[in-house]
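Q: Here you go, structure19.cif (mmCIF, C-alpha atoms):
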data_upload
loop_
_atom_site.group_PDB
_atom_site.id
_atom_site.type_symbol
_atom_site.label_atom_id
_atom_site.label_comp_id
_atom_site.auth_asym_id
_atom_site.auth_seq_id
_atom_site.Cartn_x
_atom_site.Cartn_y
_atom_site.Cartn_z
ATOM 1 C CA MET A 1 -27.018 26.841 7.718
ATOM 2 C CA ASN A 2 -23.562 26.827 6.109
ATOM 3 C CA LYS A 3 -22.912 23.518 4.366
ATOM 4 C CA TRP A 4 -19.554 23.264 6.140
ATOM 5 C CA ASP A 5 -21.406 23.086 9.474
ATOM 6 C CA THR A 6 -22.515 19.664 8.265
ATOM 7 C CA LEU A 7 -19.424 18.699 6.285
ATOM 8 C CA THR A 8 -16.777 19.592 8.891
ATOM 9 C CA PRO A 9 -17.581 16.702 11.298
ATOM 10 C CA VAL A 10 -17.640 14.301 8.335
ATOM 11 C CA LEU A 11 -14.329 15.685 7.073
ATOM 12 C CA LEU A 12 -12.695 15.282 10.491
ATOM 13 C CA GLN A 13 -13.958 11.701 10.690
ATOM 14 C CA SER A 14 -12.580 11.056 7.191
ATOM 15 C CA ILE A 15 -9.166 12.408 8.208
ATOM 16 C CA GLY A 16 -9.166 10.068 11.194
ATOM 17 C CA GLU A 17 -10.108 7.122 8.992
ATOM 18 C CA THR A 18 -7.304 7.921 6.544
ATOM 19 C CA VAL A 19 -4.739 8.222 9.336
ATOM 20 C CA TYR A 20 -5.965 4.912 10.771
ATOM 21 C CA MET A 21 -5.794 3.104 7.417
ATOM 22 C CA VAL A 22 -2.356 4.469 6.593
ATOM 23 C CA ALA A 23 -0.889 3.820 10.045
ATOM 24 C CA VAL A 24 -2.112 0.230 10.384
ATOM 25 C CA SER A 25 -1.352 -0.712 6.776
ATOM 26 C CA LEU A 26 2.126 0.803 6.865
ATOM 27 C CA LEU A 27 2.982 -0.774 10.214
ATOM 28 C CA ILE A 28 2.033 -4.287 9.114
ATOM 29 C CA SER A 29 3.383 -4.024 5.567
ATOM 30 C CA GLY A 30 6.537 -2.279 6.783
ATOM 31 C CA VAL A 31 7.487 -5.222 8.991
ATOM 32 C CA ALA A 32 6.326 -7.903 6.544
ATOM 33 C CA GLY A 33 7.990 -6.155 3.610
ATOM 34 C CA LEU A 34 11.273 -5.854 5.489
ATOM 35 C CA VAL A 35 11.254 -9.573 6.299
ATOM 36 C CA ILE A 36 10.388 -10.626 2.738
ATOM 37 C CA GLY A 37 12.835 -8.135 1.235
ATOM 38 C CA ALA A 38 15.627 -9.376 3.491
ATOM 39 C CA LEU A 39 14.669 -12.949 2.527
ATOM 40 C CA LEU A 40 14.883 -12.067 -1.159
ATOM 41 C CA TYR A 41 18.292 -10.480 -0.667
ATOM 42 C CA ALA A 42 19.684 -13.288 1.477
ATOM 43 C CA THR A 43 18.477 -16.155 -0.747
ATOM 44 C CA ARG A 44 19.657 -14.667 -4.039
ATOM 45 C CA PRO A 45 22.095 -16.916 -5.936
ATOM 46 C CA GLY A 46 25.564 -16.540 -4.423
ATOM 47 C CA ASN A 47 24.345 -14.662 -1.355
ATOM 48 C CA LEU A 48 24.352 -15.341 2.395
ATOM 49 C CA PHE A 49 21.572 -17.955 2.470
ATOM 50 C CA GLU A 50 21.443 -18.955 -1.174
ATOM 51 C CA ASN A 51 18.254 -20.861 -1.906
ATOM 52 C CA ARG A 52 17.077 -20.770 -5.490
ATOM 53 C CA VAL A 53 13.642 -22.253 -4.738
ATOM 54 C CA VAL A 54 12.762 -19.793 -1.963
ATOM 55 C CA PHE A 55 14.071 -16.867 -3.990
ATOM 56 C CA ALA A 56 12.210 -17.934 -7.132
ATOM 57 C CA VAL A 57 8.882 -18.379 -5.318
ATOM 58 C CA ALA A 58 9.090 -15.082 -3.408
ATOM 59 C CA ASN A 59 10.247 -13.257 -6.515
ATOM 60 C CA LEU A 60 7.403 -14.731 -8.585
ATOM 61 C CA VAL A 61 4.741 -13.742 -6.060
ATOM 62 C CA ILE A 62 5.984 -10.156 -5.996
ATOM 63 C CA ASN A 63 6.199 -9.986 -9.775
ATOM 64 C CA LEU A 64 2.625 -11.267 -10.082
ATOM 65 C CA ILE A 65 1.075 -8.831 -7.599
ATOM 66 C CA ARG A 66 3.084 -5.633 -8.033
ATOM 67 C CA PRO A 67 2.069 -4.749 -11.632
ATOM 68 C CA ILE A 68 -1.686 -4.968 -10.913
ATOM 69 C CA PRO A 69 -3.310 -1.501 -10.814
ATOM 70 C CA PHE A 70 -4.479 -0.984 -7.251
ATOM 71 C CA ILE A 71 -8.050 -0.096 -8.171
ATOM 72 C CA ILE A 72 -8.321 -3.507 -9.882
ATOM 73 C CA PHE A 73 -6.469 -5.252 -7.060
ATOM 74 C CA LEU A 74 -9.083 -3.938 -4.606
ATOM 75 C CA THR A 75 -11.802 -5.934 -6.331
ATOM 76 C CA ALA A 76 -9.595 -8.923 -7.165
ATOM 77 C CA VAL A 77 -8.848 -9.652 -3.499
ATOM 78 C CA ALA A 78 -12.408 -8.966 -2.323
ATOM 79 C CA PRO A 79 -12.890 -12.650 -1.314
ATOM 80 C CA VAL A 80 -9.760 -12.463 0.840
ATOM 81 C CA THR A 81 -10.906 -9.181 2.348
ATOM 82 C CA ARG A 82 -14.314 -10.648 3.157
ATOM 83 C CA ALA A 83 -12.731 -13.748 4.698
ATOM 84 C CA VAL A 84 -10.506 -11.640 6.955
ATOM 85 C CA THR A 85 -12.887 -8.844 7.978
ATOM 86 C CA GLY A 86 -16.336 -10.229 7.141
ATOM 87 C CA THR A 87 -17.034 -7.369 4.727
ATOM 88 C CA THR A 88 -15.598 -5.517 1.752
ATOM 89 C CA LEU A 89 -16.696 -2.083 2.963
ATOM 90 C CA GLY A 90 -15.181 0.256 5.527
ATOM 91 C CA THR A 91 -11.715 1.142 6.733
ATOM 92 C CA ASP A 92 -10.898 -2.268 8.217
ATOM 93 C CA ALA A 93 -11.731 -3.917 4.905
ATOM 94 C CA ALA A 94 -9.616 -1.382 2.981
ATOM 95 C CA ILE A 95 -6.596 -2.174 5.148
ATOM 96 C CA VAL A 96 -6.392 -5.745 3.786
ATOM 97 C CA PRO A 97 -5.673 -4.975 0.093
ATOM 98 C CA ILE A 98 -3.588 -1.924 0.996
ATOM 99 C CA THR A 99 -1.411 -4.033 3.290
ATOM 100 C CA ILE A 100 -0.955 -6.821 0.743
ATOM 101 C CA MET A 101 0.006 -4.458 -2.074
ATOM 102 C CA ALA A 102 2.252 -2.328 0.162
ATOM 103 C CA THR A 103 4.009 -5.447 1.473
ATOM 104 C CA VAL A 104 5.093 -6.654 -1.957
ATOM 105 C CA VAL A 105 6.233 -3.195 -3.032
ATOM 106 C CA ILE A 106 8.167 -2.632 0.203
ATOM 107 C CA ALA A 107 9.761 -6.068 -0.156
ATOM 108 C CA ARG A 108 11.108 -5.085 -3.557
ATOM 109 C CA VAL A 109 12.293 -1.699 -2.281
ATOM 110 C CA VAL A 110 14.091 -3.380 0.626
ATOM 111 C CA GLU A 111 15.702 -5.965 -1.634
ATOM 112 C CA GLN A 112 16.968 -3.333 -4.077
ATOM 113 C CA ASN A 113 18.481 -1.236 -1.304
ATOM 114 C CA LEU A 114 20.167 -4.212 0.346
ATOM 115 C CA VAL A 115 21.620 -5.380 -2.970
ATOM 116 C CA ALA A 116 23.179 -1.926 -3.345
ATOM 117 C CA VAL A 117 25.271 -2.401 -0.171
ATOM 118 C CA ASP A 118 28.976 -2.766 -0.977
ATOM 119 C CA PRO A 119 29.766 -6.519 -1.187
ATOM 120 C CA GLY A 120 33.186 -5.724 0.276
ATOM 121 C CA THR A 121 31.500 -4.762 3.549
ATOM 122 C CA VAL A 122 29.766 -8.136 3.680
ATOM 123 C CA GLU A 123 32.958 -9.999 2.844
ATOM 124 C CA ALA A 124 34.878 -8.108 5.531
ATOM 125 C CA ALA A 125 32.298 -9.025 8.154
ATOM 126 C CA ARG A 126 32.373 -12.660 7.092
ATOM 127 C CA ALA A 127 36.190 -12.634 7.137
ATOM 128 C CA VAL A 128 36.272 -11.720 10.826
ATOM 129 C CA GLY A 129 33.964 -14.611 11.668
ATOM 130 C CA ALA A 130 30.556 -12.931 11.816
ATOM 131 C CA ARG A 131 27.632 -15.323 11.451
ATOM 132 C CA ARG A 132 25.527 -14.979 8.333
ATOM 133 C CA ILE A 133 22.412 -13.882 10.229
ATOM 134 C CA GLY A 134 24.546 -11.376 12.115
ATOM 135 C CA VAL A 135 25.919 -9.994 8.851
ATOM 136 C CA LEU A 136 22.399 -9.577 7.467
ATOM 137 C CA PHE A 137 20.867 -7.771 10.448
ATOM 138 C CA GLY A 138 24.016 -6.282 11.966
ATOM 139 C CA VAL A 139 25.830 -5.086 8.849
ATOM 140 C CA VAL A 140 23.768 -5.108 5.653
ATOM 141 C CA ILE A 141 20.534 -3.581 6.943
ATOM 142 C CA PRO A 142 22.266 -0.868 9.028
ATOM 143 C CA GLU A 143 24.424 0.030 6.012
ATOM 144 C CA ALA A 144 21.282 0.485 3.917
ATOM 145 C CA LEU A 145 19.317 2.295 6.629
ATOM 146 C CA ALA A 146 19.254 5.782 5.094
ATOM 147 C CA PRO A 147 18.079 4.578 1.651
ATOM 148 C CA LEU A 148 15.577 2.303 3.376
ATOM 149 C CA ILE A 149 14.095 5.264 5.250
ATOM 150 C CA LEU A 150 13.712 7.125 1.965
ATOM 151 C CA GLY A 151 12.117 4.011 0.477
ATOM 152 C CA TYR A 152 9.659 3.801 3.355
ATOM 153 C CA THR A 153 8.915 7.496 2.919
ATOM 154 C CA PHE A 154 8.014 6.780 -0.696
ATOM 155 C CA MET A 155 5.782 3.944 0.481
ATOM 156 C CA PHE A 156 4.073 6.214 3.004
ATOM 157 C CA ILE A 157 3.055 8.450 0.114
ATOM 158 C CA ALA A 158 1.960 5.423 -1.931
ATOM 159 C CA VAL A 159 -0.159 4.098 0.952
ATOM 160 C CA VAL A 160 -1.848 7.495 1.335
ATOM 161 C CA ASP A 161 -2.620 7.309 -2.385
ATOM 162 C CA MET A 162 -3.980 3.761 -2.038
ATOM 163 C CA SER A 163 -6.147 4.764 0.927
ATOM 164 C CA ALA A 164 -7.696 7.491 -1.217
ATOM 165 C CA MET A 165 -8.435 5.009 -4.015
ATOM 166 C CA ALA A 166 -10.006 2.638 -1.487
ATOM 167 C CA GLY A 167 -12.627 5.325 -0.904
ATOM 168 C CA TYR A 168 -13.943 4.653 -4.405
ATOM 169 C CA ILE A 169 -15.355 1.301 -3.270
ATOM 170 C CA GLY A 170 -16.562 2.430 0.143
ATOM 171 C CA GLY A 171 -13.295 2.199 2.029
ATOM 172 C CA GLY A 172 -13.921 5.416 3.939
ATOM 173 C CA GLY A 173 -11.350 8.126 4.522
ATOM 174 C CA LEU A 174 -10.590 11.227 2.507
ATOM 175 C CA GLY A 175 -11.029 9.474 -0.833
ATOM 176 C CA ASN A 176 -14.576 8.517 0.103
ATOM 177 C CA PHE A 177 -15.241 12.079 1.305
ATOM 178 C CA ALA A 178 -13.985 13.585 -1.955
ATOM 179 C CA ILE A 179 -16.110 11.238 -4.047
ATOM 180 C CA ILE A 180 -19.370 11.532 -2.093
ATOM 181 C CA TYR A 181 -19.277 15.177 -1.020
ATOM 182 C CA GLY A 182 -17.102 16.536 -3.806
ATOM 183 C CA TYR A 183 -17.509 14.684 -7.094
ATOM 184 C CA GLN A 184 -21.043 13.313 -6.698
ATOM 185 C CA GLN A 185 -22.445 16.579 -5.328
ATOM 186 C CA PHE A 186 -20.491 18.803 -7.748
ATOM 187 C CA ASN A 187 -18.834 20.507 -4.794
ATOM 188 C CA ALA A 188 -15.419 21.611 -6.041
ATOM 189 C CA GLN A 189 -14.643 23.234 -2.699
ATOM 190 C CA ALA A 190 -14.940 19.918 -0.854
ATOM 191 C CA THR A 191 -12.700 18.272 -3.436
ATOM 192 C CA TRP A 192 -9.986 20.917 -3.168
ATOM 193 C CA VAL A 193 -10.098 20.914 0.636
ATOM 194 C CA THR A 194 -9.510 17.142 0.468
ATOM 195 C CA VAL A 195 -6.623 17.645 -1.951
ATOM 196 C CA ALA A 196 -5.060 20.262 0.336
ATOM 197 C CA ILE A 197 -5.264 17.976 3.384
ATOM 198 C CA ILE A 198 -3.708 15.056 1.496
ATOM 199 C CA VAL A 199 -0.897 17.336 0.272
ATOM 200 C CA VAL A 200 -0.212 18.440 3.863
ATOM 201 C CA ILE A 201 -0.132 14.811 5.090
ATOM 202 C CA VAL A 202 2.220 13.781 2.291
ATOM 203 C CA GLN A 203 4.531 16.758 2.777
ATOM 204 C CA ALA A 204 4.737 16.097 6.519
ATOM 205 C CA GLY A 205 5.687 12.473 5.878
ATOM 206 C CA GLN A 206 8.217 13.462 3.221
ATOM 207 C CA LEU A 207 9.829 16.026 5.521
ATOM 208 C CA LEU A 208 10.102 13.546 8.378
ATOM 209 C CA GLY A 209 11.610 10.855 6.140
ATOM 210 C CA ASN A 210 14.120 13.215 4.560
ATOM 211 C CA THR A 211 15.158 14.544 7.966
ATOM 212 C CA LEU A 212 15.741 11.080 9.419
ATOM 213 C CA ALA A 213 17.693 9.914 6.367
ATOM 214 C CA HIS A 214 19.841 13.066 6.432
ATOM 215 C CA ARG A 215 20.696 12.593 10.102
ATOM 216 C CA ILE A 216 21.735 8.983 9.514
ATOM 217 C CA LEU A 217 23.945 9.965 6.581
ATOM 218 C CA ARG A 218 25.690 12.600 8.716
ATOM 219 C CA ARG A 219 26.700 10.082 11.361
#
Can you give me the file's structure in the form of C-alpha cells?
A:
Amino acid sequence: MNKWDTLTPVLLQSIGETVYMVAVSLLISGVAGLVIGALLYATRPGNLFENRVVFAVANLVINLIRPIPFIIFLTAVAPVTRAVTGTTLGTDAAIVPITIMATVVIARVVEQNLVAVDPGTVEAARAVGARRIGVLFGVVIPEALAPLILGYTFMFIAVVDMSAMAGYIGGGGLGNFAIIYGYQQFNAQATWVTVAIIVVIVQAGQLLGNTLAHRILRR
C-alpha cells in the first residue's frame, strides 16, 4: 500500500487543525490587539486620552512579552494554558499562547500605524467639535486602515508560523505533521509537501491583504 494512502487523511486533518488554530487565534488577537493598540495610541503623553500610568503599564507588558522567542514562550505560559484548557497538548491548547503573543504584537503594530496618522487630521476633527472617542474611531483608525490591513496580513503570516512551531510540543496542525511524519521518520517528501501547503496558505493571505489595502488606497 502506498504510504500516502495512510498519510493523506492525516495531512488533511493537519491542514484543518492549522486553519482552525490560525483562524481562532487571529480573530481573538486581532480584536484584542486593536483595542490595546488604540489604548496605547490614545493614552500616549499629549494625545487624546493622555494617561501616563495606563500607557506605561500597557507598554511595559508588551515590551516584556514581545521579545520572548515563541518556542520558549510556549513552555513559559504552560500553566496558563493548562488553567484555560485543562491541557498543554492539542490545538485548543496551542491557541492560548499563540493568541497571547499575537495580541501583544498586533497591539504594537496598531499603535505604530495610528501614530503615523497626520496630527493635522486629528486637530482638524477636534477643531470642528468632534468628541475624542469619535476622533479615535471615526478619524484616526479609518485614516490608518490600509496600513493596518497590511499589518494584519503580516500577523496572519506570523500566526501561521507560530502554529507550525506549536506542533513541536504536540499542538497539532501542519507543524506536528512535518515533525512526526517528516523529520522523525526521515520522510523528506512529507516535509516538503507540508512546506508547499504552508507557502500556499501564506501566499493566499498575502494576496488577499494586499488586494484589500490597494482598494482602500484607491478610494
Q: Using all atoms listed in the file for the distances, tell me which of A:Leu48, A:Val140, A:Met101, A:Ala204 is nearest to Ala158 of chain A.
A: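 With all atoms listed in the file as the atom set, the closest residue is A:Met101.
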Q: Evaluate the PyMOL selection byres ((chain A and resi 132) around 12) and record the selected residues as a PDB file with C-alpha atoms, in the coordinates of the input, following the chain and residue labels used in the document.
A:
ATOM      1  CA  ALA A  42      19.684 -13.288   1.477  1.00  0.00           C
ATOM      2  CA  THR A  43      18.477 -16.155  -0.747  1.00  0.00           C
ATOM      3  CA  ASN A  47      24.345 -14.662  -1.355  1.00  0.00           C
ATOM      4  CA  LEU A  48      24.352 -15.341   2.395  1.00  0.00           C
ATOM      5  CA  PHE A  49      21.572 -17.955   2.470  1.00  0.00           C
ATOM      6  CA  GLU A  50      21.443 -18.955  -1.174  1.00  0.00           C
ATOM      7  CA  VAL A 122      29.766  -8.136   3.680  1.00  0.00           C
ATOM      8  CA  GLU A 123      32.958  -9.999   2.844  1.00  0.00           C
ATOM      9  CA  ALA A 124      34.878  -8.108   5.531  1.00  0.00           C
ATOM     10  CA  ALA A 125      32.298  -9.025   8.154  1.00  0.00           C
ATOM     11  CA  ARG A 126      32.373 -12.660   7.092  1.00  0.00           C
ATOM     12  CA  ALA A 127      36.190 -12.634   7.137  1.00  0.00           C
ATOM     13  CA  VAL A 128      36.272 -11.720  10.826  1.00  0.00           C
ATOM     14  CA  GLY A 129      33.964 -14.611  11.668  1.00  0.00           C
ATOM     15  CA  ALA A 130      30.556 -12.931  11.816  1.00  0.00           C
ATOM     16  CA  ARG A 131      27.632 -15.323  11.451  1.00  0.00           C
ATOM     17  CA  ILE A 133      22.412 -13.882  10.229  1.00  0.00           C
ATOM     18  CA  GLY A 134      24.546 -11.376  12.115  1.00  0.00           C
ATOM     19  CA  VAL A 135      25.919  -9.994   8.851  1.00  0.00           C
ATOM     20  CA  LEU A 136      22.399  -9.577   7.467  1.00  0.00           C
ATOM     21  CA  PHE A 137      20.867  -7.771  10.448  1.00  0.00           C
ATOM     22  CA  GLY A 138      24.016  -6.282  11.966  1.00  0.00           C
ATOM     23  CA  VAL A 139      25.830  -5.086   8.849  1.00  0.00           C
ATOM     24  CA  VAL A 140      23.768  -5.108   5.653  1.00  0.00           C
TER      25      VAL A 140
END
Q: If the PyMOL selection byres ((chain A and resi 197) around 12) is run on the structure shown, which residues does it catch, given as a PyMOL selection string?
A: chain A and resi 11-12+14-16+18-19+160+164+173-175+177-178+190-196+198-204
Q: Just so the selection is clear, what residues does the PyMOL selection byres ((chain A and resi 36) around 9) cover here, as a compact mmCIF listing (two decimals) with C-alpha atoms, in the coordinates of the input?
A:
# COMPACT_ATOMS: atom_id res chain seq x y z
CA VAL A 31 7.49 -5.22 8.99
CA ALA A 32 6.33 -7.90 6.54
CA GLY A 33 7.99 -6.16 3.61
CA LEU A 34 11.27 -5.85 5.49
CA VAL A 35 11.25 -9.57 6.30
CA GLY A 37 12.84 -8.14 1.24
CA ALA A 38 15.63 -9.38 3.49
CA LEU A 39 14.67 -12.95 2.53
CA LEU A 40 14.88 -12.07 -1.16
CA TYR A 41 18.29 -10.48 -0.67
CA ALA A 58 9.09 -15.08 -3.41
CA THR A 103 4.01 -5.45 1.47
CA VAL A 104 5.09 -6.65 -1.96
CA ILE A 106 8.17 -2.63 0.20
CA ALA A 107 9.76 -6.07 -0.16
CA ARG A 108 11.11 -5.08 -3.56
CA VAL A 110 14.09 -3.38 0.63
CA GLU A 111 15.70 -5.96 -1.63
Q: Go through A:Val54, A:Gly46, A:Gly30, A:Ile95 one by one, measure the shortest atom-to-atom distance of each to Val109 of chain A using all atoms listed in the file, and give the residue with the smallest value.
A: A:Gly30
Q: One number please: atom CA of Leu212 of chain A to atom CA of Leu27 of chain A, in Å, one decimal.
A: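 For atom CA of Leu212 of chain A relative to atom CA of Leu27 of chain A, the distance reads 17.4 Å.
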Q: Mind checking which residues fall within 8 Å of segment 72-88 of chain A, counting only C-alpha atoms, ignoring those fewer than 6 positions away in the same chain, and posting them as an MDAnalysis selection string?
A: chainID A and resid 94 96:97 166
Q: Select, from A:Met155, A:Ala188, A:Asp92, A:Arg66, the residue with the minimum atom-to-atom distance to Glu17 of chain A, counting all atoms listed in the file.
A: A:Asp92
Q: Would you please work out which residue, of A:Thr8, A:Arg215, A:Asn187, A:Gly170, is nearest to Gly90 of chain A when using all atoms listed in the file?
A: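 Answer, going by the shortest atom-to-atom distance: A:Gly170.
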Q: How many Å separate atom CA of Trp4 of chain A from atom CA of Phe186 of chain A?
A: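 A separation of 14.6 Å between them.
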Q: Give me the box for segment 70-88 of chain A as JSON, namely the centre and edge lengths in Å to one decimal of a box along x, y and z that holds every listed atom plus 4 Å on each side.
A:
{"center_x": -10.8, "center_y": -6.9, "center_z": -1.0, "size_x": 20.6, "size_y": 21.7, "size_z": 25.9}
Q: Just how far from atom CA of Tyr152 of chain A is atom CA of Tyr20 of chain A, in Å to one decimal?
A: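 Separation between atom CA of Tyr20 of chain A and atom CA of Tyr152 of chain A: 17.3 Å.
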Q: So that I can see what lies close to Gln206 of chain A, please list as a PDB file with C-alpha atoms, in the frame of the given file the residues with an atom at most 9 Å from it, counting only C-alpha atoms and leaving out residues fewer than 6 positions away in the same chain.
A:
ATOM      1  CA  LEU A 150      13.712   7.125   1.965  1.00  0.00           C
ATOM      2  CA  THR A 153       8.915   7.496   2.919  1.00  0.00           C
ATOM      3  CA  PHE A 154       8.014   6.780  -0.696  1.00  0.00           C
ATOM      4  CA  PHE A 156       4.073   6.214   3.004  1.00  0.00           C
ATOM      5  CA  ILE A 157       3.055   8.450   0.114  1.00  0.00           C
TER       6      ILE A 157
END
Q: So, with only C-alpha atoms as the atoms that count, which of A:Ala116, A:Val105, A:Leu145, A:Met162 lies closest to Asn63 of chain A?
A: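 Closest candidate: A:Val105.
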Q: Rank A:Val115, A:Ala102, A:Leu208, A:Ala213 by their smallest atom-to-atom distance to Pro45 of chain A, using all atoms listed in the file, and report the top residue only.
A: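 Of the candidates, the smallest distance to Pro45 of chain A is held by A:Val115.
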